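Structure file run-v1.cif (mmCIF, C-alpha atoms) follows.
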data_start
loop_
_atom_site.group_PDB
_atom_site.id
_atom_site.type_symbol
_atom_site.label_atom_id
_atom_site.label_comp_id
_atom_site.auth_asym_id
_atom_site.auth_seq_id
_atom_site.Cartn_x
_atom_site.Cartn_y
_atom_site.Cartn_z
ATOM 1 C CA MET A 1 76.155 91.007 85.496
ATOM 2 C CA GLY A 2 75.017 92.453 82.163
ATOM 3 C CA ILE A 3 77.096 94.719 79.939
ATOM 4 C CA ASP A 4 74.778 97.632 80.686
ATOM 5 C CA GLN A 5 75.395 97.277 84.433
ATOM 6 C CA ILE A 6 79.159 97.201 83.897
ATOM 7 C CA LEU A 7 78.923 100.423 81.854
ATOM 8 C CA VAL A 8 76.910 101.966 84.688
ATOM 9 C CA GLN A 9 79.634 100.996 87.149
ATOM 10 C CA LEU A 10 82.157 102.651 84.839
ATOM 11 C CA GLY A 11 80.258 105.942 84.935
ATOM 12 C CA LEU A 12 77.408 105.970 82.399
ATOM 13 C CA GLN A 13 73.849 106.522 83.513
ATOM 14 C CA GLU A 14 71.589 103.491 83.136
ATOM 15 C CA THR A 15 69.555 104.998 80.290
ATOM 16 C CA GLU A 16 72.773 106.050 78.526
ATOM 17 C CA ALA A 17 74.156 102.520 78.735
ATOM 18 C CA ARG A 18 70.955 100.968 77.387
ATOM 19 C CA PHE A 19 70.656 103.510 74.560
ATOM 20 C CA TYR A 20 74.298 103.057 73.538
ATOM 21 C CA LEU A 21 74.062 99.249 73.493
ATOM 22 C CA ALA A 22 70.842 99.383 71.480
ATOM 23 C CA ALA A 23 72.459 101.752 68.972
ATOM 24 C CA LEU A 24 75.444 99.409 68.676
ATOM 25 C CA GLU A 25 73.138 96.514 67.764
ATOM 26 C CA LEU A 26 70.874 98.408 65.358
ATOM 27 C CA GLY A 27 73.436 100.382 63.400
ATOM 28 C CA ALA A 28 71.928 103.470 61.746
ATOM 29 C CA ALA A 29 68.395 103.824 63.109
ATOM 30 C CA SER A 30 65.922 106.435 64.214
ATOM 31 C CA VAL A 31 65.889 107.657 67.782
ATOM 32 C CA ARG A 32 62.406 106.099 68.081
ATOM 33 C CA ASP A 33 63.690 102.646 67.092
ATOM 34 C CA VAL A 34 66.735 102.870 69.384
ATOM 35 C CA ALA A 35 64.511 104.035 72.253
ATOM 36 C CA ALA A 36 62.107 101.133 71.692
ATOM 37 C CA LYS A 37 64.909 98.578 71.730
ATOM 38 C CA ALA A 38 66.463 100.197 74.810
ATOM 39 C CA GLY A 39 63.146 100.345 76.665
ATOM 40 C CA ILE A 40 63.287 104.146 77.000
ATOM 41 C CA SER A 41 60.421 106.536 76.330
ATOM 42 C CA ARG A 42 60.853 108.530 73.129
ATOM 43 C CA THR A 43 60.670 111.830 75.058
ATOM 44 C CA ASN A 44 63.555 110.816 77.337
ATOM 45 C CA ALA A 45 65.467 109.241 74.446
ATOM 46 C CA TYR A 46 66.263 112.621 72.854
ATOM 47 C CA ASP A 47 67.778 113.863 76.130
ATOM 48 C CA VAL A 48 69.805 110.654 76.462
ATOM 49 C CA PHE A 49 70.954 110.960 72.849
ATOM 50 C CA ALA A 50 72.056 114.569 73.458
ATOM 51 C CA ARG A 51 74.154 113.534 76.460
ATOM 52 C CA LEU A 52 75.767 110.668 74.550
ATOM 53 C CA LEU A 53 76.413 112.978 71.596
ATOM 54 C CA GLU A 54 78.254 115.366 73.941
ATOM 55 C CA GLN A 55 80.347 112.447 75.203
ATOM 56 C CA ARG A 56 81.108 111.421 71.592
ATOM 57 C CA LEU A 57 79.549 107.977 72.003
ATOM 58 C CA VAL A 58 76.883 108.449 69.293
ATOM 59 C CA MET A 59 76.568 110.473 66.084
ATOM 60 C CA GLU A 60 73.998 111.677 63.589
ATOM 61 C CA VAL A 61 74.230 109.869 60.255
ATOM 62 C CA GLY A 62 71.561 111.561 58.145
ATOM 63 C CA ALA A 63 67.831 111.208 57.717
ATOM 64 C CA ALA A 64 65.499 108.364 56.815
ATOM 65 C CA SER A 65 62.988 108.529 54.023
ATOM 66 C CA ASN A 66 60.370 109.944 56.394
ATOM 67 C CA LYS A 67 62.773 112.782 57.273
ATOM 68 C CA SER A 68 63.338 111.519 60.840
ATOM 69 C CA MET A 69 66.880 111.736 62.141
ATOM 70 C CA LEU A 70 69.084 108.641 62.063
ATOM 71 C CA VAL A 71 71.664 107.996 64.769
ATOM 72 C CA ALA A 72 74.432 105.453 65.211
ATOM 73 C CA ALA A 73 76.824 104.422 67.949
ATOM 74 C CA GLU A 74 80.472 105.398 67.774
ATOM 75 C CA PRO A 75 82.939 102.456 67.867
ATOM 76 C CA PRO A 76 83.403 100.877 71.326
ATOM 77 C CA GLU A 77 86.978 102.205 71.404
ATOM 78 C CA HIS A 78 85.455 105.631 72.119
ATOM 79 C CA LEU A 79 84.477 104.273 75.531
ATOM 80 C CA LEU A 80 88.170 103.862 76.341
ATOM 81 C CA GLU A 81 88.839 107.442 75.275
ATOM 82 C CA LEU A 82 85.960 108.676 77.443
ATOM 83 C CA PHE A 83 87.033 106.794 80.558
ATOM 84 C CA ASP A 84 90.710 107.690 80.019
ATOM 85 C CA ALA A 85 89.748 111.368 79.832
ATOM 86 C CA ARG A 86 87.783 111.048 83.077
ATOM 87 C CA ARG A 87 90.753 109.298 84.716
ATOM 88 C CA ARG A 88 93.088 112.130 83.653
ATOM 89 C CA LYS A 89 90.731 114.709 85.140
ATOM 90 C CA LEU A 90 90.608 112.759 88.405
ATOM 91 C CA ASP A 91 94.404 112.436 88.472
ATOM 92 C CA GLY A 92 94.611 116.207 88.198
ATOM 93 C CA LEU A 93 92.269 116.616 91.153
ATOM 94 C CA LEU A 94 94.004 114.085 93.421
ATOM 95 C CA PRO A 95 96.473 116.520 95.066
ATOM 96 C CA GLU A 96 93.639 118.860 96.065
ATOM 97 C CA LEU A 97 91.412 115.966 97.155
ATOM 98 C CA ARG A 98 94.230 114.528 99.287
ATOM 99 C CA SER A 99 94.706 117.924 100.907
ATOM 100 C CA LEU A 100 91.021 118.084 101.802
ATOM 101 C CA TYR A 101 91.100 114.476 103.030
ATOM 102 C CA ASN A 102 94.108 115.069 105.283
ATOM 103 C CA ARG A 103 92.435 118.086 106.884
ATOM 104 C CA SER A 104 89.056 116.433 107.257
ATOM 105 C CA SER A 105 89.549 114.951 110.722
ATOM 106 C CA ASP A 106 92.087 114.467 113.485
ATOM 107 C CA LYS A 107 90.547 111.133 114.454
ATOM 108 C CA PRO A 108 92.384 107.929 113.510
ATOM 109 C CA ARG A 109 91.046 105.969 110.565
ATOM 110 C CA VAL A 110 90.829 102.215 110.971
ATOM 111 C CA ARG A 111 90.055 100.034 107.961
ATOM 112 C CA PHE A 112 89.424 96.306 108.349
ATOM 113 C CA TYR A 113 89.517 93.822 105.470
ATOM 114 C CA GLN A 114 88.578 90.142 105.534
ATOM 115 C CA GLY A 115 90.000 87.590 103.108
ATOM 116 C CA LEU A 116 92.623 87.367 100.387
ATOM 117 C CA GLU A 117 91.611 90.419 98.342
ATOM 118 C CA GLY A 118 91.641 92.604 101.446
ATOM 119 C CA ILE A 119 95.106 91.350 102.379
ATOM 120 C CA LYS A 120 96.378 92.161 98.876
ATOM 121 C CA LEU A 121 94.808 95.627 99.057
ATOM 122 C CA VAL A 122 96.594 96.425 102.329
ATOM 123 C CA LEU A 123 99.936 95.088 101.081
ATOM 124 C CA ASP A 124 99.603 97.146 97.898
ATOM 125 C CA ASP A 125 98.996 100.250 100.013
ATOM 126 C CA THR A 126 102.412 99.871 101.668
ATOM 127 C CA LEU A 127 103.981 100.832 98.326
ATOM 128 C CA THR A 128 102.392 104.296 98.538
ATOM 129 C CA ALA A 129 104.828 105.478 101.255
ATOM 130 C CA ARG A 130 105.413 109.132 100.461
ATOM 131 C CA ASP A 131 108.911 109.252 101.951
ATOM 132 C CA LYS A 132 109.859 105.951 100.269
ATOM 133 C CA LYS A 133 110.663 104.384 103.654
ATOM 134 C CA LEU A 134 109.030 101.229 104.943
ATOM 135 C CA LEU A 135 109.550 99.493 108.286
ATOM 136 C CA GLY A 136 108.461 95.883 108.578
ATOM 137 C CA ILE A 137 108.181 92.999 111.018
ATOM 138 C CA LEU A 138 107.620 89.928 108.874
ATOM 139 C CA SER A 139 106.420 86.387 109.170
ATOM 140 C CA MET A 140 107.715 85.189 105.806
ATOM 141 C CA ARG A 141 106.181 81.720 105.890
ATOM 142 C CA ASP A 142 102.732 83.158 106.526
ATOM 143 C CA LEU A 143 103.121 85.655 103.677
ATOM 144 C CA TYR A 144 104.179 82.815 101.373
ATOM 145 C CA GLU A 145 100.942 81.032 102.288
ATOM 146 C CA VAL A 146 98.696 84.088 101.931
ATOM 147 C CA PRO A 147 98.736 85.779 99.471
ATOM 148 C CA GLY A 148 101.319 83.349 98.102
ATOM 149 C CA ARG A 149 104.911 83.319 96.868
ATOM 150 C CA GLU A 150 104.267 84.446 93.296
ATOM 151 C CA TRP A 151 102.150 87.421 94.377
ATOM 152 C CA MET A 152 104.606 88.411 97.133
ATOM 153 C CA ASP A 153 107.603 88.203 94.787
ATOM 154 C CA ASP A 154 105.746 90.536 92.428
ATOM 155 C CA LEU A 155 105.047 92.922 95.332
ATOM 156 C CA VAL A 156 108.762 92.955 96.134
ATOM 157 C CA ARG A 157 109.562 93.687 92.493
ATOM 158 C CA ARG A 158 107.106 96.604 92.453
ATOM 159 C CA ARG A 159 108.505 97.942 95.730
ATOM 160 C CA ILE A 160 112.011 97.987 94.284
ATOM 161 C CA GLU A 161 110.828 99.608 91.048
ATOM 162 C CA GLY A 162 109.037 102.259 93.117
ATOM 163 C CA GLY A 163 112.202 103.058 95.055
ATOM 164 C CA VAL A 164 110.726 102.152 98.467
ATOM 165 C CA PHE A 165 113.488 101.180 100.934
ATOM 166 C CA LEU A 166 112.584 98.454 103.449
ATOM 167 C CA ARG A 167 114.117 97.913 106.861
ATOM 168 C CA VAL A 168 112.764 94.639 108.156
ATOM 169 C CA ILE A 169 112.967 92.455 111.247
ATOM 170 C CA ARG A 170 112.223 88.788 110.637
ATOM 171 C CA SER A 171 111.552 85.785 112.831
ATOM 172 C CA PRO A 172 114.138 83.003 112.316
ATOM 173 C CA VAL A 173 111.529 80.356 113.102
ATOM 174 C CA LYS A 174 109.208 81.719 110.406
ATOM 175 C CA ASP A 175 111.937 82.626 107.929
ATOM 176 C CA ILE A 176 112.711 81.056 104.560
ATOM 177 C CA PRO A 177 116.495 80.790 104.074
ATOM 178 C CA HIS A 178 118.114 82.576 101.132
ATOM 179 C CA VAL A 179 114.872 84.376 100.181
ATOM 180 C CA TRP A 180 114.717 88.192 100.238
ATOM 181 C CA PRO A 181 118.236 88.572 101.669
ATOM 182 C CA GLU A 182 119.739 91.879 102.710
ATOM 183 C CA SER A 183 120.602 93.696 99.515
ATOM 184 C CA THR A 184 121.507 97.235 98.519
ATOM 185 C CA THR A 185 120.210 96.536 95.014
ATOM 186 C CA ASP A 186 116.883 95.305 96.379
ATOM 187 C CA LEU A 187 116.631 98.271 98.780
ATOM 188 C CA ARG A 188 116.404 95.939 101.763
ATOM 189 C CA GLU A 189 118.123 95.956 105.156
ATOM 190 C CA VAL A 190 117.457 92.886 107.317
ATOM 191 C CA ARG A 191 117.836 92.008 110.978
ATOM 192 C CA PHE A 192 116.642 88.902 112.790
ATOM 193 C CA ALA A 193 114.897 88.644 116.136
ATOM 194 C CA SER A 194 115.891 85.948 118.609
ATOM 195 C CA ARG A 195 114.573 82.437 118.005
ATOM 196 C CA ALA A 196 112.378 82.814 121.072
ATOM 197 C CA MET A 197 110.279 85.381 119.180
ATOM 198 C CA VAL A 198 107.888 83.764 116.727
ATOM 199 C CA PHE A 199 105.908 86.165 114.525
ATOM 200 C CA THR A 200 102.591 84.834 113.270
ATOM 201 C CA MET A 201 101.577 88.192 111.806
ATOM 202 C CA THR A 202 103.218 90.837 109.637
ATOM 203 C CA SER A 203 103.161 94.569 110.226
ATOM 204 C CA TYR A 204 104.402 97.571 108.246
ATOM 205 C CA ILE A 205 104.864 101.184 109.292
ATOM 206 C CA TYR A 206 104.863 103.950 106.675
ATOM 207 C CA ASP A 207 103.885 107.619 106.695
ATOM 208 C CA ASP A 208 101.130 107.924 109.331
ATOM 209 C CA LYS A 209 99.910 104.355 108.786
ATOM 210 C CA VAL A 210 100.387 100.960 110.378
ATOM 211 C CA ALA A 211 99.366 97.901 108.353
ATOM 212 C CA ILE A 212 98.696 94.527 109.970
ATOM 213 C CA ILE A 213 98.384 91.259 108.044
ATOM 214 C CA SER A 214 97.297 88.070 109.789
ATOM 215 C CA SER A 215 98.147 84.446 109.096
ATOM 216 C CA ARG A 216 95.916 82.153 107.027
ATOM 217 C CA ARG A 217 94.109 81.066 110.197
ATOM 218 C CA GLU A 218 92.548 84.462 110.952
ATOM 219 C CA ASN A 219 92.708 85.677 107.332
ATOM 220 C CA PHE A 220 92.365 89.446 107.726
ATOM 221 C CA ALA A 221 94.272 92.684 107.226
ATOM 222 C CA MET A 222 93.816 96.193 108.561
ATOM 223 C CA THR A 223 95.325 99.657 108.393
ATOM 224 C CA ILE A 224 95.385 102.210 111.191
ATOM 225 C CA GLU A 225 95.985 105.761 110.000
ATOM 226 C CA SER A 226 97.021 107.836 112.997
ATOM 227 C CA GLU A 227 100.017 110.135 113.379
ATOM 228 C CA GLU A 228 100.397 109.353 117.083
ATOM 229 C CA PHE A 229 99.940 105.589 116.730
ATOM 230 C CA ALA A 230 102.360 105.411 113.784
ATOM 231 C CA MET A 231 104.937 107.420 115.746
ATOM 232 C CA MET A 232 104.637 105.098 118.742
ATOM 233 C CA GLN A 233 104.975 101.991 116.544
ATOM 234 C CA ARG A 234 107.964 103.549 114.772
ATOM 235 C CA ASN A 235 109.681 104.198 118.109
ATOM 236 C CA LEU A 236 108.986 100.625 119.240
ATOM 237 C CA PHE A 237 110.386 99.333 115.951
ATOM 238 C CA GLU A 238 113.602 101.343 116.425
ATOM 239 C CA MET A 239 113.997 99.959 119.953
ATOM 240 C CA PHE A 240 113.439 96.432 118.643
ATOM 241 C CA TRP A 241 115.831 97.058 115.733
ATOM 242 C CA ALA A 242 118.578 98.199 118.110
ATOM 243 C CA CYS A 243 118.207 94.981 120.122
ATOM 244 C CA CYS A 244 118.539 92.724 117.080
ATOM 245 C CA PRO A 245 122.070 91.729 116.022
ATOM 246 C CA ALA A 246 123.342 93.294 112.828
ATOM 247 C CA THR A 247 123.869 91.033 109.822
ATOM 248 C CA GLN A 248 127.326 90.234 108.485
ATOM 249 C CA ARG A 249 126.815 92.784 105.732
ATOM 250 C CA GLU A 250 126.086 95.504 108.300
ATOM 251 C CA ASN A 251 129.111 94.477 110.373
ATOM 252 C CA ARG A 252 131.351 94.707 107.311
ATOM 253 C CA LYS A 253 129.927 98.139 106.514
ATOM 254 C CA ASP A 254 130.499 99.347 110.090
ATOM 255 C CA ASN A 255 134.055 97.986 110.120
ATOM 256 C CA ALA A 256 134.789 99.682 106.803
ATOM 257 C CA GLY A 257 133.447 102.936 108.211
ATOM 258 C CA ARG A 258 135.659 102.681 111.300
ATOM 259 C CA LEU A 259 138.738 101.905 109.211
ATOM 260 C CA GLU A 260 138.029 104.875 106.980
ATOM 261 C CA ALA A 261 137.627 107.129 110.010
ATOM 262 C CA ARG A 262 140.970 105.926 111.414
ATOM 263 C CA ALA A 263 142.688 106.555 108.110
ATOM 264 C CA LYS A 264 141.447 110.133 108.084
ATOM 265 C CA ALA A 265 142.429 110.725 111.717
#
Since I need it in another form, could you write the structure as C-alpha cells?
Amino acid sequence: MGIDQILVQLGLQETEARFYLAALELGAASVRDVAAKAGISRTNAYDVFARLLEQRLVMEVGAASNKSMLVAAEPPEHLLELFDARRRKLDGLLPELRSLYNRSSDKPRVRFYQGLEGIKLVLDDTLTARDKKLLGILSMRDLYEVPGREWMDDLVRRRIEGGVFLRVIRSPVKDIPHVWPESTTDLREVRFASRAMVFTMTSYIYDDKVAIISSRRENFAMTIESEEFAMMQRNLFEMFWACCPATQRENRKDNAGRLEARAKA
C-alpha cells in the first residue's frame, strides 16, 4: 500500500494526499508544478491547496520570477498535530455517540470474529466494563495457546491497571498451576469447577455483553450484546459459582468474618 493510500485511510482526501506528497518532494514550487507531479488538474489544484492550507499542511512561501505563487509543504509532524486534533474532537463526541448508539435498537447485537486478531479484539473489549466487574469461565491452557502467554499476561496487567475486578471459575483439567492465583492485589477471586467439567472455551460477562473465545481448533471469538442474555448468563454464573468450593483464601476470610462477628456479639 502506498503512502498516499495510508494518508487517505487516516482521513485525507485522495487529491489532498497526492498534492501534499508532491509538495513534500518538490519543496517550494508553483501550484502548477505541484499539480503536474500529483496528477491533478490545475483548476482542482487550487481548491486542494486551499483545503490543505486550512488544515495547516501547506503554506505560501512567496512568488516566483513570473509572479506565480509558490507553495511548500509543512513538516510531516503537522500530520500528527492534525490527526491528534481530530482524535480529541472525536473523544469529545464519544459520550453523545454512545448515547445515540445505546438507544438505536432493542435488538441484540452479535459480532463474530475469525482468527487471532479477532480473538484479541474481543479480549481487549472485556477491559471496557463500565462497572469494573468481570465474570469469567476460563480454559487457561487454551488461552495460553491462543493468543499466547505473553499477550495474555499483558492483558491481565492492563486489567489490573484499569481497576477491573475479575471473579473467575476455572477448569482444573485445563488449569496451569500457580499462574493467575487468587489475589486481592491482582483484583482476582478464583473458584474451581469439579474435575469432571472440562472447559474448552472461555467466556466473559460484563455490562450487557457476553464474550466467547474458542480454542485453537475452532479459532474464533464473538460478542453478544443483549441485556436479557447477559442477565441470564450472569444468573447462571452465580449459580455455578455457588456450587464451586471456595478457595483456602476465601475460607480464611469467612472464618475471620465469623470470629469478628462473635467478638462483637
For A:Ile205, which of A:Arg167, A:Lys120, A:Arg158, A:Arg149 is the closest residue, counting only C-alpha atoms? A:Arg167
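Matched in the shown structure by the PyMOL selection byres ((chain A and resi 5-16) around 8): Met1, Gly2, Ile3, Asp4, Ala17, Arg18, Phe19, Tyr20, Ala38, Ile40, Val48, Phe49, Arg51, Leu52 and Phe83 of chain A.
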Those residues with C-alpha atoms, as a compact mmCIF listing (two decimals), in the frame of the given file please?
# COMPACT_ATOMS: atom_id res chain seq x y z
CA MET A 1 76.16 91.01 85.50
CA GLY A 2 75.02 92.45 82.16
CA ILE A 3 77.10 94.72 79.94
CA ASP A 4 74.78 97.63 80.69
CA ALA A 17 74.16 102.52 78.74
CA ARG A 18 70.96 100.97 77.39
CA PHE A 19 70.66 103.51 74.56
CA TYR A 20 74.30 103.06 73.54
CA ALA A 38 66.46 100.20 74.81
CA ILE A 40 63.29 104.15 77.00
CA VAL A 48 69.81 110.65 76.46
CA PHE A 49 70.95 110.96 72.85
CA ARG A 51 74.15 113.53 76.46
CA LEU A 52 75.77 110.67 74.55
CA PHE A 83 87.03 106.79 80.56
Interatomic distance (Å, one decimal) between atom CA of A:Pro76 and atom CA of A:Ala29: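 If I compute the distance from atom CA of A:Pro76 to atom CA of A:Ala29, I get 17.4 Å.
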Kindly give the distance, in Å, that separates atom CA of A:Met197 and atom CA of A:Val146, rounded to a single decimal. 20.8 Å
Near A:Asp186, within 9 Å and counting all atoms listed in the file, which residues show up once chain neighbours fewer than 5 positions away are dropped, as a VMD selection string? chain A and resid 156 to 157 159 to 160 165 to 166 180 to 181
To box stretch 138-151 of chain A, take all atoms listed in the file, fit an axis-aligned box, add 6 Å on each side, and give centre and edge lengths in Å to one decimal, as lines of an AutoDock Vina configuration file.
center_x = 103.2
center_y = 85.5
center_z = 101.2
size_x = 21.0
size_y = 20.9
size_z = 27.9
Could you list, as a count of residues only, every residue matched by the PyMOL selection byres ((chain A and resi 135) around 10) in this structure? 21
In Å to one decimal, how far is atom CA of A:Gly118 from atom CA of A:Glu225?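 If I compute the distance from atom CA of A:Glu225 to atom CA of A:Gly118, I get 16.3 Å.
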Pick from A:Arg195, A:His78, A:Lys132, A:Arg86, whichever lies nearest to A:Glu161 using only C-alpha atoms: A:Lys132
Specify as a PDB file with C-alpha atoms, in the coordinates of the input each residue included when the PyMOL selection byres ((chain A and resi 142) around 9) is applied to this file.
ATOM      1  CA  LEU A 138     107.620  89.928 108.874  1.00  0.00           C
ATOM      2  CA  SER A 139     106.420  86.387 109.170  1.00  0.00           C
ATOM      3  CA  MET A 140     107.715  85.189 105.806  1.00  0.00           C
ATOM      4  CA  ARG A 141     106.181  81.720 105.890  1.00  0.00           C
ATOM      5  CA  LEU A 143     103.121  85.655 103.677  1.00  0.00           C
ATOM      6  CA  TYR A 144     104.179  82.815 101.373  1.00  0.00           C
ATOM      7  CA  GLU A 145     100.942  81.032 102.288  1.00  0.00           C
ATOM      8  CA  VAL A 146      98.696  84.088 101.931  1.00  0.00           C
ATOM      9  CA  PRO A 147      98.736  85.779  99.471  1.00  0.00           C
ATOM     10  CA  GLY A 148     101.319  83.349  98.102  1.00  0.00           C
ATOM     11  CA  LYS A 174     109.208  81.719 110.406  1.00  0.00           C
ATOM     12  CA  THR A 200     102.591  84.834 113.270  1.00  0.00           C
ATOM     13  CA  MET A 201     101.577  88.192 111.806  1.00  0.00           C
ATOM     14  CA  THR A 202     103.218  90.837 109.637  1.00  0.00           C
ATOM     15  CA  SER A 214      97.297  88.070 109.789  1.00  0.00           C
ATOM     16  CA  SER A 215      98.147  84.446 109.096  1.00  0.00           C
ATOM     17  CA  ARG A 216      95.916  82.153 107.027  1.00  0.00           C
TER      18      ARG A 216
END
Please provide the set of residues having any atom within 7 Å of A:Cys244, restricted to all atoms listed in the file, with same-chain residues fewer than 6 positions apart removed, written as a VMD selection string. chain A and resid 191 to 193
Produce a file of the selected residues containing C-alpha atoms, as a PDB file, in the frame of the given file.
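Below you can see selection.pdb, which holds the result:
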ATOM      1  CA  ARG A 191     117.836  92.008 110.978  1.00  0.00           C
ATOM      2  CA  PHE A 192     116.642  88.902 112.790  1.00  0.00           C
ATOM      3  CA  ALA A 193     114.897  88.644 116.136  1.00  0.00           C
TER       4      ALA A 193
END
Start from the incomplete input, build all heavy atoms for stretch 185-193 of chain A, and deliver everything as a compact mmCIF listing (two decimals), keeping the file's coordinate frame.
# COMPACT_ATOMS: atom_id res chain seq x y z
N THR A 185 120.92 96.48 96.29
CA THR A 185 120.21 96.54 95.01
C THR A 185 118.71 96.40 95.21
O THR A 185 117.92 97.08 94.55
CB THR A 185 120.71 95.42 94.08
OG1 THR A 185 122.12 95.53 93.92
CG2 THR A 185 120.03 95.52 92.72
N ASP A 186 118.31 95.54 96.13
CA ASP A 186 116.88 95.30 96.38
C ASP A 186 116.31 96.26 97.42
O ASP A 186 115.17 96.07 97.87
CB ASP A 186 116.65 93.86 96.84
CG ASP A 186 116.89 92.86 95.72
OD1 ASP A 186 117.03 93.28 94.56
OD2 ASP A 186 116.95 91.65 96.01
N LEU A 187 117.10 97.26 97.83
CA LEU A 187 116.63 98.27 98.78
C LEU A 187 116.08 97.61 100.05
O LEU A 187 114.99 97.93 100.52
CB LEU A 187 115.54 99.16 98.14
CG LEU A 187 115.88 99.81 96.80
CD1 LEU A 187 114.71 100.66 96.32
CD2 LEU A 187 117.14 100.65 96.90
N ARG A 188 116.87 96.69 100.60
CA ARG A 188 116.40 95.94 101.76
C ARG A 188 117.52 95.78 102.79
O ARG A 188 118.63 95.36 102.46
CB ARG A 188 115.92 94.55 101.34
CG ARG A 188 115.30 93.73 102.48
CD ARG A 188 115.03 92.30 102.06
NE ARG A 188 114.16 92.21 100.92
CZ ARG A 188 114.57 91.83 99.70
NH1 ARG A 188 115.83 91.50 99.49
NH2 ARG A 188 113.72 91.76 98.71
N GLU A 189 117.22 96.16 104.03
CA GLU A 189 118.12 95.96 105.16
C GLU A 189 117.42 95.03 106.14
O GLU A 189 116.27 95.28 106.52
CB GLU A 189 118.47 97.29 105.82
CG GLU A 189 119.61 97.21 106.81
CD GLU A 189 120.04 98.58 107.30
OE1 GLU A 189 119.58 99.59 106.73
OE2 GLU A 189 120.83 98.63 108.27
N VAL A 190 118.10 93.96 106.55
CA VAL A 190 117.46 92.89 107.32
C VAL A 190 118.15 92.70 108.66
O VAL A 190 119.39 92.71 108.75
CB VAL A 190 117.49 91.55 106.54
CG1 VAL A 190 116.81 90.45 107.34
CG2 VAL A 190 116.84 91.71 105.18
N ARG A 191 117.34 92.50 109.70
CA ARG A 191 117.84 92.01 110.98
C ARG A 191 116.90 90.90 111.45
O ARG A 191 115.73 90.85 111.06
CB ARG A 191 117.92 93.12 112.02
CG ARG A 191 119.05 94.11 111.73
CD ARG A 191 119.33 95.02 112.90
NE ARG A 191 120.42 95.92 112.58
CZ ARG A 191 120.94 96.81 113.43
NH1 ARG A 191 120.46 96.87 114.69
NH2 ARG A 191 121.92 97.61 113.07
N PHE A 192 117.43 90.03 112.30
CA PHE A 192 116.64 88.90 112.79
C PHE A 192 116.44 89.00 114.29
O PHE A 192 117.37 89.30 115.04
CB PHE A 192 117.33 87.58 112.44
CG PHE A 192 117.31 87.26 110.98
CD1 PHE A 192 118.38 87.60 110.17
CD2 PHE A 192 116.21 86.63 110.41
CE1 PHE A 192 118.37 87.32 108.81
CE2 PHE A 192 116.18 86.34 109.05
CZ PHE A 192 117.26 86.69 108.26
N ALA A 193 115.20 88.72 114.72
CA ALA A 193 114.90 88.64 116.14
C ALA A 193 115.47 87.34 116.69
O ALA A 193 115.94 86.48 115.95
CB ALA A 193 113.39 88.70 116.34
